[in-house]
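> One structure is given below, represented as structure tokens, and several questions about it will come after.
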Protein chains: 2
Amino acid sequence: MERIGVGLLGLGTVGTGVYKALRNNQDVLLRRTGQLFEVRKILVRDPYKTRQVEGVQFLITTDFHEVLQSGVQVVIEVIGGLESAYAYVRDALTAGCHVVTANKELIAKRGKELEALARQKGVQLLYEAAVGGGIPVLGSIGYLLKANRVHRITGILNGTTNYILTEMEQKGLAFDEVLRESQEKGYAEADPSSDVDGHDAKYKLAILARLAFEAEISLEDIPCRGIRGVTSQDITLARRLGYAIKLLAQAEQYGEKGPISLRVGPALLPENHPLAGVNGVHNAVTLEGDWVQDVTLVGQGAGEQPTASAVVEDVGNVLRLPRISGSTVEHPPVLSGAEEGGSRFVVVETEALPGLAGAASLRDKLEQINLEVEQIGTASFGSSTVLGLVLCHWNASYTNILLAELGIEVKRLEHYPVIGVRKKDRVKEAVVTG
Amino acid sequence: MERIGVGLLGLGTVGTGVYKALRNNQDVLLRRTGQLFEVRKILVRDPYKTRQVEGVQFLITTDFHEVLQSGVQVVIEVIGGLESAYAYVRDALTAGCHVVTANKELIAKRGKELEALARQKGVQLLYEAAVGGGIPVLGSIGYLLKANRVHRITGILNGTTNYILTEMEQKGLAFDEVLRESQEKGYAEADPSSDVDGHDAKYKLAILARLAFEAEISLEDIPCRGIRGVTSQDITLARRLGYAIKLLAQAEQYGEKGPISLRVGPALLPENHPLAGVNGVHNAVTLEGDWVQDVTLVGQGAGEQPTASAVVEDVGNVLRLPRISGSTVEHPPVLSGAEEGGSRFVVVETEALPGLAGAASLRDKLEQINLEVEQIGTASFGSSTVLGLVLCHWNASYTNILLAELGIEVKRLEHYPVIGVRKKDRVKEAVVTG
Ligand SMILES: NC(=O)c1ccc[n+]([C@@H]2O[C@H](COP(=O)([O-])OP(=O)(O)OC[C@H]3O[C@@H](n4cnc5c(N)ncnc54)[C@H](OP(=O)(O)O)[C@@H]3O)[C@@H](O)[C@H]2O)c1
Ligand SMILES: NC(=O)c1ccc[n+]([C@@H]2O[C@H](COP(=O)([O-])OP(=O)(O)OC[C@H]3O[C@@H](n4cnc5c(N)ncnc54)[C@H](OP(=O)(O)O)[C@@H]3O)[C@@H](O)[C@H]2O)c1
């Protein structure tokens, strides 16, 4: 039996879970790793706060140096934020400690530098909890799919927005309303921007793509749109045509060491896609590799227990598993304009659709001007009519052509990429109106 | 760079994929593991057969000893069957080789003995491909969820039966018809028993439960029912009530080192369960652990490429990752009668349902005799009427009570466990008739 000293930075939601999991599952870890993990110090901001767990008071400090001086081999960072967390992680690595963190922002922004430091010091830096909460997706890529060339990643990486979209669909409510309710229930932060504008998903996508493609991804290379523009009408109409709308994080590499395209934004998935049924606060990632084909991992993307699970799994691996090979390509070619070429769901909200003698004639009309229409649906909501079109081979000029052709007054226009459709998968070929 | 000699036993579907994957992804493995894997000998039965891959002729042998004498550190067994495979694996381990196998029957029946031998010889025995094809489920349990107590496993572990059930539902065809078509397409074996009677799923469940619960599971402890009794009527009626019928493999442990219950058989899943949407040849496993809560892995359960992927991933790990801790409990207490207590879908096929003035009165009638009815549905198919009841707190005496109460002539009676329903999940509470 080996005794391993652990320093815990942060005792909030995740830190409390980590402390409890290390204590309650100490026997399991000991049996399976031969190592006994002992928390020696816990760093917090406010030493007077009442804590949720018993017996921690004598471990608590507000002085980071006390943590390093307490004989720890592993430091766990679950403070969050950028600058303090960065300084602590850097200093812990410099002092020769292994580090486990749940901090996606830190790894997305400073991961490259911190990993270089860890390598130089001969220690490990693990961050499974930073992506997909409890879902062991980084470990899957790094240890269990390492003989594969993973060439595509498609993920639902933010639980808050997935919960909001699910509620909007199930209750037919507007975004603002559901957001407010989610804030009241504690499912969304007081400042929801990081979630609803897609930044949180972007950080996670950068981390995933970096590992899978072994290339440095800069956050500026990820076009990012949130869900504020999604309406429950769009969700309803998409559903009638056989699709779910999800906030998707997507990364694709065209050939080994080839160009990479990345994006975060709301998109349509056919109902039989493995991610289409992932609802509520669940997260999920589909990985496509050259041999394994597709593997989808679904689980709890946040919360005290699942996040603590991922942290503690890393703690159990940090001294046992070999280093995951790092990124080898500094500045991979990045494809922009990845938004074009595929299928697109275009939604036009209008007072009425005059002069359109039904969906079939609209299809003919649009096909005459070379817009290839895959599906058409319309729906009325109060005084508005919403027309939804799935168009093939989308390009940006389509919008103007479409509007000119329709000759209607447009109250709102929105468009979404449609992904993962193969001809044979298509669920509803027919024109749906109603 | 380290050169590792590999011996390949078998060059059929999986063996061909393994040879190609090792050749095509040699660079990936070298970069990520620092090891170069070289196939030195390939054992087959028929040396004159034309092979699908180029350049293998000079590697082929029919003499197992030539394989061991060719300086190999890793032996891959993808022959299948029990006795020869057993002898080869045993001899390879005895000779100090690491072994990777895709053979579920071998591991389910002789895994205990072979693992003891491997431990004694200081080598590894890995078998990721034996369960769930390309899905890295054993690695997930062994390396990525090892700080968790996994207490429940629910899996769709056989692609052939999942394909058949999906086709029966989508085309409304009978089991026999779909089986015949599947055989023609090569999705089912000429002798389909191992798949359709549930044995294949049983082997896989035994392997999963053994690893997750760290306990020896004997195959006799797994009650096993196949899908021959499932009709497309049952599937249709279940769907109307909000459920999918799947061939499920389930294992649950009640408390650490506590009693275990196991079963393989068709069961109902609520439509929003992560496994309910897993269709066609896909496999999937939901693992529930004390900290991670639930993780579901979905992917290709068979086929040349995904199976080869899992084999080659094991090959890349066999010399690098520590041994997964073995089973520690020899004869765990096994709960029988696990079939009772939960909810149950009872299907009664009859000529007509005389004297039943509608579903609501039937519910009252049954509740008067203390059968708690959760849902009722009826459907007509040709000259038959099928009545489906979801009953709570099932126990075996219900069938007789029910039949006596109905007082109808029963043409067929079938019942299925209903799993994964929590009150808040229930999709269709209402009585459905039609
Ligand atoms: N919550 C989740 O579900 C979840 C999921 C995945 C990843 N994460 C990540 O996990 C990390 C922690 O999240 P959380 O939800 O646990 O946060 P939290 O509840 O706000 O807890 C933060 C903890 O860090 C301490 N702290 C903050 N700034 C500090 C500083 N400068 N020096 C010392 N201690 C400081 C706080 O001390 P006091 O207690 O004294 O205030 C508190 O104990 C974040 O990176 C987050 O992105 C969270
Ligand atoms: N197929 C799948 O999708 C899949 C998925 C998961 C796991 N598996 C498992 O993988 C294993 C192999 O399956 P497979 O589909 O590849 O089988 P297969 O196509 O029938 O190939 C078997 C290979 O083993 C050789 N062989 C058979 N008996 C032998 C013996 N006594 N001595 C030497 N060579 C022998 C055969 O030689 P010849 O070529 O000379 O006949 C053939 O090359 C099985 O354990 C199976 O359960 C398969």
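Residue numbers start at 1 in each chain; chains themselves are named A, B, ... in the order of the structure tokens; ligands are numbered from 1 in the order shown.
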Could you please extract the residues within 7 Å of ligand 1, counting only C-alpha atoms and all ligand atoms, and hand them back as a PyMOL selection string?
chain A and resi 9-15+43-47+49+62+78-81+84+102-104+129-130+133+301-304+307
> Show me, as a PyMOL selection string, every residue of chain A with an atom at most 7 Å from chain B, counting only C-alpha atoms.
chain A and resi 25+28-29+32+134-136+139+144-147+291-300+305-306+309+312-313+316+321+325
> Output C-alpha atoms of each residue in that selection to a file, as a PDB file, in the first residue's frame.

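To be explicit, this is the file written out as result.pdb:
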ATOM      1  CA  ASN A  25     -14.552   5.254  -1.977  1.00  0.00           C
ATOM      2  CA  VAL A  28     -12.402   0.881  -3.670  1.00  0.00           C
ATOM      3  CA  LEU A  29      -9.431   2.900  -4.900  1.00  0.00           C
ATOM      4  CA  ARG A  32      -8.011  -1.360  -7.383  1.00  0.00           C
ATOM      5  CA  GLY A 134     -18.853  12.340 -15.411  1.00  0.00           C
ATOM      6  CA  ILE A 135     -18.604  10.970 -18.954  1.00  0.00           C
ATOM      7  CA  PRO A 136     -15.154   9.450 -19.407  1.00  0.00           C
ATOM      8  CA  GLY A 139      -9.911   8.868 -21.178  1.00  0.00           C
ATOM      9  CA  LEU A 144      -9.271   3.319 -25.352  1.00  0.00           C
ATOM     10  CA  LEU A 145      -9.395   4.752 -28.890  1.00  0.00           C
ATOM     11  CA  LYS A 146      -5.739   5.602 -29.312  1.00  0.00           C
ATOM     12  CA  ALA A 147      -5.217   3.104 -32.141  1.00  0.00           C
ATOM     13  CA  TRP A 291     -11.747   1.574 -37.243  1.00  0.00           C
ATOM     14  CA  VAL A 292     -14.259   1.860 -34.445  1.00  0.00           C
ATOM     15  CA  GLN A 293     -16.698   3.753 -36.680  1.00  0.00           C
ATOM     16  CA  ASP A 294     -18.907   5.500 -34.154  1.00  0.00           C
ATOM     17  CA  VAL A 295     -18.984   5.457 -30.376  1.00  0.00           C
ATOM     18  CA  THR A 296     -21.408   7.622 -28.432  1.00  0.00           C
ATOM     19  CA  LEU A 297     -20.988   8.322 -24.737  1.00  0.00           C
ATOM     20  CA  VAL A 298     -23.925   9.717 -22.791  1.00  0.00           C
ATOM     21  CA  GLY A 299     -24.061  10.762 -19.151  1.00  0.00           C
ATOM     22  CA  GLN A 300     -24.356  13.457 -16.531  1.00  0.00           C
ATOM     23  CA  GLN A 305     -21.408  13.703  -7.913  1.00  0.00           C
ATOM     24  CA  PRO A 306     -20.652  13.084 -11.613  1.00  0.00           C
ATOM     25  CA  SER A 309     -16.453  11.121 -10.105  1.00  0.00           C
ATOM     26  CA  VAL A 312     -11.450  11.178  -8.519  1.00  0.00           C
ATOM     27  CA  GLU A 313     -11.037   8.798 -11.473  1.00  0.00           C
ATOM     28  CA  GLY A 316      -6.714   7.239  -9.293  1.00  0.00           C
ATOM     29  CA  LEU A 321      -1.484   5.363 -16.387  1.00  0.00           C
ATOM     30  CA  SER A 325       0.359  11.685 -26.118  1.00  0.00           C
TER      31      SER A 325
END
> When you look at Val99 (chain B) with a cut-off of 7 Å (counting only C-alpha atoms), what residues show up, excluding the ones that are within fewer than 3 positions of it in the same chain? I need them as a PyMOL selection string.
chain B and resi 74-76+89+93+124-126
> Which of region 184-244 of chain B counts as strand (DSSP E or B) under DSSP, as a count of residues only please?
4
> Residues near Gly172 (chain B), anyone? I mean within 10 Å using only C-alpha atoms, not counting same-chain ones fewer than 6 positions away, as a PDB file with C-alpha atoms, in the first residue's frame.

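Everything below was put into part_6.pdb:
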ATOM      1  CA  LEU B 165     -36.477  -6.478 -33.274  1.00  0.00           C
ATOM      2  CA  THR B 166     -35.923  -3.179 -35.087  1.00  0.00           C
ATOM      3  CA  VAL B 178     -37.161 -11.191 -40.410  1.00  0.00           C
ATOM      4  CA  THR B 231     -44.355 -10.762 -31.829  1.00  0.00           C
ATOM      5  CA  SER B 232     -44.636  -7.577 -33.818  1.00  0.00           C
ATOM      6  CA  GLN B 233     -48.049  -7.115 -32.158  1.00  0.00           C
ATOM      7  CA  ILE B 235     -43.867  -4.459 -30.102  1.00  0.00           C
ATOM      8  CA  THR B 236     -46.623  -2.312 -31.594  1.00  0.00           C
TER       9      THR B 236
END
> Show which residues sit within 6 Å of region 213-218 of chain A, as a PyMOL selection string. Count only C-alpha atoms, and ignore same-chain residues fewer than 4 positions away.
chain A and resi 206+209+327-330
> I'd like the contact shell of Val123 (chain B) - 10 Å cut-off, only C-alpha atoms, skipping same-chain residues fewer than 5 positions apart - returned as a count of residues only.
15
> Which polymer residues have any atom within 10 Å of an atom of Val196 (chain A), counting only C-alpha atoms, with same-chain residues fewer than 3 positions away left out, as a list in words?
Asn158, Thr160, Thr161, Asn162, Ile164, Leu179, Ala188, Glu189, Asp191, Pro192, Ser193, His199, Asp200, Ala201, Arg225, Gly226, Ile227, Arg228 and Leu247 of chain A
> Here is a test: counting only C-alpha atoms, which residue of A:Val386, A:Val39, A:Leu371, A:Leu208 is nearest to Ile153 (chain A)?
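That would be A:Leu208, the residue with the smallest distance to Ile153 (chain A).
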> Check region 216-283 of chain B with DSSP on the backbone and list each residue it calls helix (DSSP H, G or I), as a CSV table (one decimal) with C-alpha atoms, in the first residue's frame.

chain,number,residue,atom,x,y,z
B,219,LEU,CA,-23.4,-18.9,-16.5
B,220,GLU,CA,-26.0,-21.1,-14.7
B,221,ASP,CA,-26.9,-18.1,-12.5
B,232,SER,CA,-44.6,-7.6,-33.8
B,233,GLN,CA,-48.0,-7.1,-32.2
B,234,ASP,CA,-46.4,-7.0,-28.8
B,235,ILE,CA,-43.9,-4.5,-30.1
B,236,THR,CA,-46.6,-2.3,-31.6
B,237,LEU,CA,-48.7,-2.3,-28.5
B,238,ALA,CA,-45.7,-1.6,-26.2
B,239,ARG,CA,-44.8,1.3,-28.5
B,240,ARG,CA,-48.3,2.8,-28.2
